[in-house]
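The structure appears right after this line, and notes come after that.
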Amino acid sequence: MRIATTIQEVRAFIAELRSERQSSEAGNLVGFVPTMGYLHEGHASLLRRARRECGIVALSIFVNPIQFGPNEDLDRYPRSEAADLELAEREGVDVVFLPSVEEMYPRERKTTVTVTGLTDVLCGASRPGHFDGVATVVSKLFNIVKPDRAFFGAKDAQQVAVLQKMVSDLNMDIEIVPCPIVREEDGLALSSRNVYLSAEQRSEALVLSRSLREASARIESSSPATPEQIVEDVKRAIEASPLAEIDYVQMLSFPDLSPLDQKRDLSELRKSGGSVILALAVKFGSTRLIDNAIISFK
Ligand code: PAF
């Protein structure tokens, strides 16, 4: 496994691998997994999928300062470079890109990538500027690594929708591959931020996956509930946990993230063949967790 800290190095490593593997059975497609490190089983599942589908697997680890708001957790974002590199080695990563902030942002930046509309709702509404930071750094990483496919977890479903739109609008020749949410056995969605939770907060946080599971079953069944009723029931379940503070619970169409008629029951949607997302963000102490369920009426 090669480790690059500069843009020049990572480009050179990938160019070498592309030419070495040109005629290998696995091929020389580059599969890319961008991360902010503190890797867990969710990231490992993205790396495995990339390994299965691509002859070359690149991983980036970069805590991107421009996607954090002024009062967010940039300074205490968990880091564990040695453990991350061990996991990467175990998962058969070919190249790890570990740039410094100065390498990624060496001078005053005058360019920002903004995806409009999709970023005004859900996390975009509570974290102004967050998705500009994500779209900008991911564009930079795509230009550096030049992957064929990039793998992202569906826990950040809005991020996936924003990046798919960016890639399509800017004619980037990259396939965004959304991968299923990975959960602990008891249902908690894996997140680097789970380490911040106390035992009590962690136990209460199980209400998130539980209420999403129950709501999904209702949405999929022939229940006559409206989006408004489903959202209210999820909120009520979460509010019963004294340590939970809801940021949002919302149901929107997916992947365009446009509003649904909140008062109309779901029968027309079921017939339409489209998809909906039931998404939530909830704080336990200072730790903000997100989770979602995407239901397709195919
Ligand atoms: O999902 C993340 O970890 C980050 O938002 C990403 C895509 C690596 C960009 O910094």
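Ligands are numbered from 1 in the order shown, chains are lettered A, B, ... in the order of the structure tokens, and residues start at 1 in each chain.
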
Could you please extract the residues within 10 Å of ligand 1, counting only C-alpha atoms and all ligand atoms, and hand them back as an NGL selection string? :A and (33-39 or 43 or 59-68 or 130-131 or 133-139 or 141 or 150-157 or 159-160 or 163 or 191-192)

Using only C-alpha atoms, determine which residues lie at most 12 Å from range 215-229 of chain A, disregarding the query and same-chain residues fewer than 4 positions distant; provide the list as a ChimeraX atom specification. /A:207-211,233-237,249-253,259-271,275-279,292-298

Counting only C-alpha atoms, closest pick from A:Ala12, A:Val95, A:Ala4, A:Leu118 relative to Gly31 in chain A is A:Val95

Excluding Arg52 in chain A and its own-chain neighbours fewer than 2 positions away, which residues fall within 12 Å of it when counting only C-alpha atoms? Please give them as a list in words. Ala26, Gly27, Leu29, Val30, Gly31, Ser45, Leu46, Leu47, Arg48, Arg49, Ala50, Cys54, Gly55, Ile56, Val57, Glu91, Gly92, Val93, Arg149 and Phe151 of chain A

Pick out each residue of range 130-251 of chain A that DSSP on the backbone tags as helix (DSSP H, G or I); I need them as a PyMOL selection string. chain A and resi 130-145+154-169+192-196+199-220+227-239

Atom pair CA of Thr5 in chain A / CA of Phe97 in chain A: separation (Å):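 Computed distance, CA of Thr5 in chain A to CA of Phe97 in chain A, equals 5.8 Å.
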